[in-house]
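Everything below belongs to query.txt, which stores compact mmCIF, C-alpha atoms.
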# COMPACT_ATOMS: atom_id res chain seq x y z
CA ASN O 24 115.93 132.55 102.30
CA PHE O 25 112.61 132.36 100.46
CA ARG O 26 109.79 134.80 101.01
CA GLY O 27 106.37 133.38 101.71
CA SER O 28 105.44 129.95 102.94
CA ASN O 29 107.96 127.09 103.04
CA SER O 30 106.19 123.87 104.00
CA ALA O 31 105.42 120.17 103.51
CA PRO O 32 108.95 118.73 103.27
CA ALA O 33 109.40 115.10 102.19
CA TRP O 34 112.76 113.30 101.93
CA SER O 35 113.82 111.38 98.86
CA PRO O 36 114.59 107.74 99.75
CA ASP O 37 118.34 108.31 99.30
CA GLY O 38 118.22 111.26 101.72
CA ARG O 39 119.93 113.63 99.28
CA ARG O 40 116.92 115.76 98.29
CA LEU O 41 113.65 117.10 99.63
CA ALA O 42 110.41 117.82 97.81
CA VAL O 43 108.99 120.99 99.43
CA THR O 44 106.12 123.40 98.88
CA LEU O 45 107.26 126.99 98.41
CA THR O 46 105.36 130.18 97.56
CA LYS O 47 108.47 132.09 96.46
CA ASP O 48 107.13 132.53 92.91
CA GLY O 49 103.53 133.28 93.88
CA GLY O 50 101.15 130.40 94.54
CA SER O 51 102.19 127.22 96.32
CA GLN O 52 104.25 124.98 94.08
CA ILE O 53 106.51 121.94 94.53
CA PHE O 54 110.27 122.35 94.39
CA LEU O 55 113.18 119.96 94.81
CA ILE O 56 116.09 121.11 96.95
CA ASN O 57 119.28 119.42 98.03
CA ALA O 58 119.44 118.39 101.69
CA ASP O 59 121.79 121.32 102.38
CA GLY O 60 119.30 123.85 100.92
CA THR O 61 121.09 124.38 97.59
CA GLY O 62 119.99 123.47 94.08
CA VAL O 63 116.41 124.74 94.21
CA GLN O 64 114.45 123.42 91.22
CA ARG O 65 110.78 124.04 90.52
CA LEU O 66 109.10 120.80 89.51
CA LEU O 67 105.61 121.63 88.41
CA THR O 68 103.84 124.51 86.77
CA SER O 69 100.08 124.33 86.92
CA GLY O 70 97.23 126.77 87.14
CA GLY O 71 96.52 125.72 90.71
CA ILE O 72 98.23 124.90 93.96
CA ASP O 73 100.57 121.90 93.99
CA THR O 74 101.60 120.71 97.45
CA GLU O 75 102.44 117.85 99.81
CA ALA O 76 104.61 115.77 97.52
CA SER O 77 106.06 112.45 98.62
CA PHE O 78 108.48 110.15 96.82
CA THR O 79 107.75 106.52 96.05
CA PRO O 80 109.94 104.21 98.14
CA ASP O 81 112.19 103.66 95.08
CA GLY O 82 112.42 107.44 94.46
CA LYS O 83 111.19 107.19 90.87
CA ALA O 84 107.82 108.93 91.25
CA LEU O 85 106.04 111.62 93.26
CA LEU O 86 102.56 111.64 94.75
CA PHE O 87 101.06 115.10 95.37
CA ARG O 88 97.87 117.10 95.94
CA SER O 89 96.81 119.71 93.43
CA SER O 90 93.94 122.10 92.83
CA ARG O 91 94.85 122.43 89.13
CA SER O 92 91.43 121.06 88.11
CA GLY O 93 89.63 123.54 90.35
CA HIS O 94 89.19 120.87 93.04
CA TRP O 95 91.66 119.09 95.34
CA GLU O 96 92.77 115.85 93.70
CA LEU O 97 95.72 113.45 93.97
CA TYR O 98 98.26 113.10 91.16
CA ARG O 99 101.27 110.93 90.44
CA GLY O 100 104.20 112.08 88.31
CA ASP O 101 107.76 110.99 87.72
CA ALA O 102 110.47 112.10 90.18
CA SER O 103 110.70 115.43 88.36
CA GLY O 104 106.94 115.94 88.57
CA ASN O 105 106.45 115.42 84.82
CA ALA O 106 103.74 113.33 83.19
CA ALA O 107 101.34 113.96 86.09
CA LYS O 108 98.45 111.49 86.07
CA LEU O 109 95.18 112.17 87.88
CA LEU O 110 94.57 109.43 90.47
CA THR O 111 91.36 110.62 92.14
CA SER O 112 88.28 112.18 90.66
CA ASP O 113 84.90 111.90 92.33
CA PRO O 114 82.41 114.65 91.44
CA GLY O 115 80.71 113.99 94.79
CA ASN O 116 83.48 115.73 96.68
CA ASP O 117 84.02 118.62 94.26
CA ALA O 118 81.62 120.72 96.34
CA VAL O 119 83.81 120.52 99.46
CA ASN O 120 84.69 124.02 100.61
CA LYS O 121 88.19 124.78 99.29
CA HIS O 122 88.98 126.55 102.56
CA GLU O 123 88.55 123.27 104.38
CA TYR O 124 91.37 120.85 103.88
CA GLY O 125 89.10 118.78 101.84
CA GLY O 126 88.49 116.83 98.85
CA GLU O 127 91.48 114.57 98.53
CA GLY O 128 94.67 114.10 100.51
CA PRO O 129 97.20 114.27 101.92
CA ALA O 130 98.34 110.85 100.81
CA ARG O 131 101.13 108.43 101.74
CA TRP O 132 102.76 105.46 100.01
CA SER O 133 102.86 101.95 101.37
CA PRO O 134 106.44 100.78 102.05
CA ASP O 135 106.44 98.64 98.89
CA GLY O 136 105.07 101.50 96.74
CA ARG O 137 102.11 99.44 95.55
CA ARG O 138 99.37 101.13 97.62
CA ILE O 139 98.39 104.66 98.61
CA VAL O 140 96.48 105.68 101.73
CA TRP O 141 94.79 109.07 102.02
CA MET O 142 91.97 111.00 103.61
CA ARG O 143 88.92 111.96 101.57
CA LYS O 144 86.01 114.25 102.40
CA PHE O 145 82.57 114.57 100.91
CA PRO O 146 80.38 117.64 101.57
CA ASP O 147 77.83 115.95 103.82
CA SER O 148 80.16 113.70 105.79
CA GLY O 149 83.38 113.73 107.73
CA TYR O 150 86.80 112.63 106.55
CA ASP O 151 87.41 108.95 105.90
CA VAL O 152 90.57 106.90 105.33
CA TRP O 153 90.82 105.37 101.85
CA THR O 154 93.32 103.15 100.04
CA MET O 155 93.95 102.53 96.36
CA ALA O 156 96.52 100.92 94.09
CA ALA O 157 99.48 103.09 93.03
CA ASP O 158 97.84 103.60 89.61
CA GLY O 159 94.63 105.00 91.19
CA SER O 160 92.51 101.89 90.74
CA GLY O 161 90.60 100.02 93.42
CA ALA O 162 89.69 102.92 95.73
CA ASN O 163 88.31 101.57 99.00
CA ASN O 164 86.88 103.43 102.02
CA LEU O 165 88.32 101.75 105.12
CA THR O 166 86.44 103.80 107.74
CA ALA O 167 82.96 104.30 106.25
CA ALA O 168 81.31 102.39 109.10
CA HIS O 169 82.40 104.96 111.71
CA ALA O 170 80.93 108.39 112.39
CA GLY O 171 83.20 111.37 112.80
CA ASN O 172 86.46 112.28 111.12
CA ASP O 173 89.17 109.73 110.37
CA ALA O 174 92.19 111.50 108.93
CA TYR O 175 95.95 111.84 108.31
CA PRO O 176 96.71 108.15 107.72
CA GLY O 177 100.09 106.52 107.22
CA PHE O 178 101.35 102.96 106.74
CA SER O 179 103.52 101.16 109.27
CA PRO O 180 107.07 100.32 108.06
CA ASP O 181 106.02 96.71 107.34
CA GLY O 182 102.84 97.83 105.50
CA ARG O 183 100.56 95.71 107.71
CA TRP O 184 98.99 98.58 109.68
CA ILE O 185 97.63 102.06 109.11
CA ALA O 186 97.78 104.70 111.83
CA PHE O 187 95.32 107.62 111.70
CA ASP O 188 93.67 110.20 113.90
CA SER O 189 89.97 110.12 114.67
CA ASN O 190 87.36 111.91 116.73
CA ARG O 191 84.96 108.93 116.64
CA ASP O 192 85.01 108.83 120.47
CA GLN O 193 84.38 112.60 120.86
CA ALA O 194 88.07 113.56 121.17
CA ASN O 195 90.91 113.40 118.66
CA GLU O 196 92.93 110.27 119.37
CA ILE O 197 95.35 108.07 117.47
CA TYR O 198 94.12 104.71 116.16
CA VAL O 199 95.71 101.84 114.28
CA MET O 200 93.96 99.33 112.05
CA ALA O 201 94.98 96.53 109.75
CA ALA O 202 95.89 97.68 106.23
CA ASP O 203 92.57 96.25 104.99
CA GLY O 204 90.62 98.35 107.54
CA GLY O 205 90.04 95.57 110.05
CA ASN O 206 90.74 95.62 113.79
CA PRO O 207 90.71 99.37 114.49
CA ARG O 208 91.84 100.18 117.99
CA ARG O 209 92.60 103.36 119.87
CA ILE O 210 96.16 103.67 121.15
CA THR O 211 96.07 107.08 122.86
CA THR O 212 93.81 108.39 125.58
Serialized structure, structure tokens:
Amino acid sequence: NFRGSNSAPAWSPDGRRLAVTLTKDGGSQIFLINADGTGVQRLLTSGGIDTEASFTPDGKALLFRSSRSGHWELYRGDASGNAAKLLTSDPGNDAVNKHEYGGEGPARWSPDGRRIVWMRKFPDSGYDVWTMAADGSGANNLTAAHAGNDAYPGFSPDGRWIAFDSNRDQANEIYVMAADGGNPRRITT
């Protein structure tokens, strides 16, 4: 029943709520809604677009993308979106065209909530898959050695593997690799 775009749903771990991106009040912002569609609550108010939220596995925090700084970055806040902390900030990717997906994200939690995996783009290169600690430290490019775009990563349920899509072999295919970036292999043809 909301005008505009309704997108990017993510379940809370208890299955009772969803974090969603709605444009009902203008620009894209993150809202919490009950699983039955009631109880709509706006979480964040920023000068930019806030989108693609996901809950930590324990449900106590949210990870989301935002353009509030003028560039796409990743933030972490509590489960109500408050106390948002900037997790990524690399001036090298601030020049990425905002109409591309680029800069930072989307991002996903590891099953234990201790790591984050996401895609990152710099102006003169393709997308790469990166990981970092939940506090934003220790950023590591897992796919730098490969040409092309490596994107949309997610952890396996046991946290040992990362699945992602890539066009490194001239066509978009699905790959898996160890959580440390080792052993990449294509699983679709």
* Taking into account only C-alpha atoms, which residue in the set O:Asp81, O:Asp181, O:Glu96, O:Asp192 is nearest to Ala130 (chain O)? ->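 Of all the options, O:Glu96 lies closest to Ala130 (chain O).
Non-sequential neighbours of Gly182 (chain O) (distance at most 8 Å, separation of 6 or more positions within a chain, all atoms listed in the file) are Ser133, Pro134, Asp135 and Ala202 of chain O.
For the pair CA of Gln193 (chain O) and CA of Ala170 (chain O), the interatomic distance is 10.1 Å.
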* For Glu75 (chain O), which residue out of O:Asp203, O:Glu196, O:Glu127, O:Asp158 is the nearest one, using all atoms listed in the file? ->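 For Glu75 (chain O), the nearest of the given residues is O:Glu127.
Restricting the calculation to all atoms listed in the file, the smallest distance between Leu110 (chain O) and any of O:Thr166, O:Ser89, O:Asn172, O:Asn29 is found for O:Ser89.
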* Which one is closest to Ser77 (chain O): O:Ala107, O:Ile197, O:Leu97, O:Ala33? Count only C-alpha atoms. -> O:Ala33
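Counting only C-alpha atoms and comparing O:Pro114, O:Leu165, O:Arg65, O:Gly38, the residue that lies closest to Val140 (chain O) is O:Leu165.
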* Excluding Thr61 (chain O) and any residue of its chain fewer than 5 positions from it, enumerate the residues within 10 Å of it, using all atoms listed in the file, and give them as an NGL selection string. => :O and (40 or 55-56)
* May I have the residues within 7 Å of Arg208 (chain O) as a PyMOL selection string, using all atoms listed in the file and disregarding those fewer than 2 positions away in the same chain? => chain O and resi 198-200+206+210
* **Sel. within 10 Å of pt (94.9, 104.8, 104.8), counting all atoms listed in the file, output as a ChimeraX atom specification** => /O:130-133,138-143,151-155,163-166,173-178,184-187,199-204
* Closest of O:His169, O:Lys83, O:Arg88, O:Arg137 to Ser189 (chain O) - atom-to-atom distances counting all atoms listed in the file -> O:His169
* d(CA of Ala157 (chain O), CA of Ala42 (chain O)) in Å ->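 According to the coordinates, CA of Ala157 (chain O) and CA of Ala42 (chain O) are separated by 19.0 Å.
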Listed atoms of region 181-187 of chain O boxed along x, y and z, 8 Å each side, centre and edge lengths in Å, one decimal, as AutoDock Vina command-line options:
--center_x 100.7 --center_y 101.7 --center_z 108.7 --size_x 26.7 --size_y 27.9 --size_z 22.3
Just add N, CA and C atoms to region 50-80 of chain O and send it as a PDB file, in the frame of the given file.
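Writing the result to result-v9.pdb gives the following:
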ATOM      1  N   GLY O  50     101.925 131.460  93.922  1.00  0.00           N
ATOM      2  CA  GLY O  50     101.150 130.400  94.540  1.00  0.00           C
ATOM      3  C   GLY O  50     102.015 129.237  94.985  1.00  0.00           C
ATOM      4  N   SER O  51     101.467 128.383  95.811  1.00  0.00           N
ATOM      5  CA  SER O  51     102.190 127.220  96.320  1.00  0.00           C
ATOM      6  C   SER O  51     102.514 126.250  95.193  1.00  0.00           C
ATOM      7  N   GLN O  52     103.785 125.912  95.098  1.00  0.00           N
ATOM      8  CA  GLN O  52     104.250 124.980  94.080  1.00  0.00           C
ATOM      9  C   GLN O  52     105.296 124.050  94.698  1.00  0.00           C
ATOM     10  N   ILE O  53     105.553 122.920  94.035  1.00  0.00           N
ATOM     11  CA  ILE O  53     106.510 121.940  94.530  1.00  0.00           C
ATOM     12  C   ILE O  53     107.877 122.184  93.922  1.00  0.00           C
ATOM     13  N   PHE O  54     108.874 122.180  94.792  1.00  0.00           N
ATOM     14  CA  PHE O  54     110.270 122.350  94.390  1.00  0.00           C
ATOM     15  C   PHE O  54     111.086 121.193  94.950  1.00  0.00           C
ATOM     16  N   LEU O  55     112.177 120.862  94.272  1.00  0.00           N
ATOM     17  CA  LEU O  55     113.180 119.960  94.810  1.00  0.00           C
ATOM     18  C   LEU O  55     114.341 120.802  95.301  1.00  0.00           C
ATOM     19  N   ILE O  56     114.884 120.444  96.463  1.00  0.00           N
ATOM     20  CA  ILE O  56     116.090 121.110  96.950  1.00  0.00           C
ATOM     21  C   ILE O  56     117.027 120.032  97.490  1.00  0.00           C
ATOM     22  N   ASN O  57     118.315 120.316  97.424  1.00  0.00           N
ATOM     23  CA  ASN O  57     119.280 119.420  98.030  1.00  0.00           C
ATOM     24  C   ASN O  57     119.129 119.485  99.541  1.00  0.00           C
ATOM     25  N   ALA O  58     119.585 118.458 100.236  1.00  0.00           N
ATOM     26  CA  ALA O  58     119.440 118.390 101.690  1.00  0.00           C
ATOM     27  C   ALA O  58     120.135 119.533 102.406  1.00  0.00           C
ATOM     28  N   ASP O  59     121.113 120.176 101.750  1.00  0.00           N
ATOM     29  CA  ASP O  59     121.790 121.320 102.380  1.00  0.00           C
ATOM     30  C   ASP O  59     121.156 122.652 102.008  1.00  0.00           C
ATOM     31  N   GLY O  60     120.018 122.626 101.278  1.00  0.00           N
ATOM     32  CA  GLY O  60     119.300 123.850 100.920  1.00  0.00           C
ATOM     33  C   GLY O  60     119.698 124.446  99.585  1.00  0.00           C
ATOM     34  N   THR O  61     120.662 123.866  98.903  1.00  0.00           N
ATOM     35  CA  THR O  61     121.090 124.380  97.590  1.00  0.00           C
ATOM     36  C   THR O  61     120.318 123.674  96.473  1.00  0.00           C
ATOM     37  N   GLY O  62     120.541 124.135  95.250  1.00  0.00           N
ATOM     38  CA  GLY O  62     119.990 123.470  94.080  1.00  0.00           C
ATOM     39  C   GLY O  62     118.486 123.493  93.980  1.00  0.00           C
ATOM     40  N   VAL O  63     117.869 124.631  94.244  1.00  0.00           N
ATOM     41  CA  VAL O  63     116.410 124.740  94.210  1.00  0.00           C
ATOM     42  C   VAL O  63     115.915 124.612  92.767  1.00  0.00           C
ATOM     43  N   GLN O  64     114.986 123.687  92.555  1.00  0.00           N
ATOM     44  CA  GLN O  64     114.450 123.420  91.220  1.00  0.00           C
ATOM     45  C   GLN O  64     112.942 123.287  91.294  1.00  0.00           C
ATOM     46  N   ARG O  65     112.240 124.145  90.563  1.00  0.00           N
ATOM     47  CA  ARG O  65     110.780 124.040  90.520  1.00  0.00           C
ATOM     48  C   ARG O  65     110.400 122.834  89.689  1.00  0.00           C
ATOM     49  N   LEU O  66     109.486 122.016  90.217  1.00  0.00           N
ATOM     50  CA  LEU O  66     109.100 120.800  89.510  1.00  0.00           C
ATOM     51  C   LEU O  66     107.909 120.980  88.606  1.00  0.00           C
ATOM     52  N   LEU O  67     106.887 121.608  89.113  1.00  0.00           N
ATOM     53  CA  LEU O  67     105.610 121.630  88.410  1.00  0.00           C
ATOM     54  C   LEU O  67     105.169 123.058  88.143  1.00  0.00           C
ATOM     55  N   THR O  68     104.477 123.233  87.052  1.00  0.00           N
ATOM     56  CA  THR O  68     103.840 124.510  86.770  1.00  0.00           C
ATOM     57  C   THR O  68     102.408 124.198  86.371  1.00  0.00           C
ATOM     58  N   SER O  69     101.486 124.576  87.231  1.00  0.00           N
ATOM     59  CA  SER O  69     100.080 124.330  86.920  1.00  0.00           C
ATOM     60  C   SER O  69      99.304 125.589  87.244  1.00  0.00           C
ATOM     61  N   GLY O  70      98.060 125.609  86.866  1.00  0.00           N
ATOM     62  CA  GLY O  70      97.230 126.770  87.140  1.00  0.00           C
ATOM     63  C   GLY O  70      96.701 126.801  88.558  1.00  0.00           C
ATOM     64  N   GLY O  71      97.029 125.789  89.355  1.00  0.00           N
ATOM     65  CA  GLY O  71      96.520 125.720  90.710  1.00  0.00           C
ATOM     66  C   GLY O  71      97.632 125.605  91.718  1.00  0.00           C
ATOM     67  N   ILE O  72      97.273 125.132  92.889  1.00  0.00           N
ATOM     68  CA  ILE O  72      98.230 124.900  93.960  1.00  0.00           C
ATOM     69  C   ILE O  72      98.683 123.446  93.878  1.00  0.00           C
ATOM     70  N   ASP O  73      99.995 123.232  93.912  1.00  0.00           N
ATOM     71  CA  ASP O  73     100.570 121.900  93.990  1.00  0.00           C
ATOM     72  C   ASP O  73     101.306 121.817  95.316  1.00  0.00           C
ATOM     73  N   THR O  74     101.045 120.767  96.095  1.00  0.00           N
ATOM     74  CA  THR O  74     101.600 120.710  97.450  1.00  0.00           C
ATOM     75  C   THR O  74     101.699 119.276  97.940  1.00  0.00           C
ATOM     76  N   GLU O  75     102.376 119.104  99.066  1.00  0.00           N
ATOM     77  CA  GLU O  75     102.440 117.850  99.810  1.00  0.00           C
ATOM     78  C   GLU O  75     102.912 116.673  98.982  1.00  0.00           C
ATOM     79  N   ALA O  76     104.042 116.845  98.324  1.00  0.00           N
ATOM     80  CA  ALA O  76     104.610 115.770  97.520  1.00  0.00           C
ATOM     81  C   ALA O  76     105.282 114.737  98.415  1.00  0.00           C
ATOM     82  N   SER O  77     105.278 113.496  97.969  1.00  0.00           N
ATOM     83  CA  SER O  77     106.060 112.450  98.620  1.00  0.00           C
ATOM     84  C   SER O  77     106.598 111.521  97.546  1.00  0.00           C
ATOM     85  N   PHE O  78     107.827 111.057  97.756  1.00  0.00           N
ATOM     86  CA  PHE O  78     108.480 110.150  96.820  1.00  0.00           C
ATOM     87  C   PHE O  78     108.000 108.721  97.015  1.00  0.00           C
ATOM     88  N   THR O  79     107.949 107.956  95.927  1.00  0.00           N
ATOM     89  CA  THR O  79     107.750 106.520  96.050  1.00  0.00           C
ATOM     90  C   THR O  79     108.947 105.950  96.807  1.00  0.00           C
ATOM     91  N   PRO O  80     108.810 104.785  97.418  1.00  0.00           N
ATOM     92  CA  PRO O  80     109.940 104.210  98.140  1.00  0.00           C
ATOM     93  C   PRO O  80     111.188 104.003  97.269  1.00  0.00           C
TER      94      PRO O  80
END
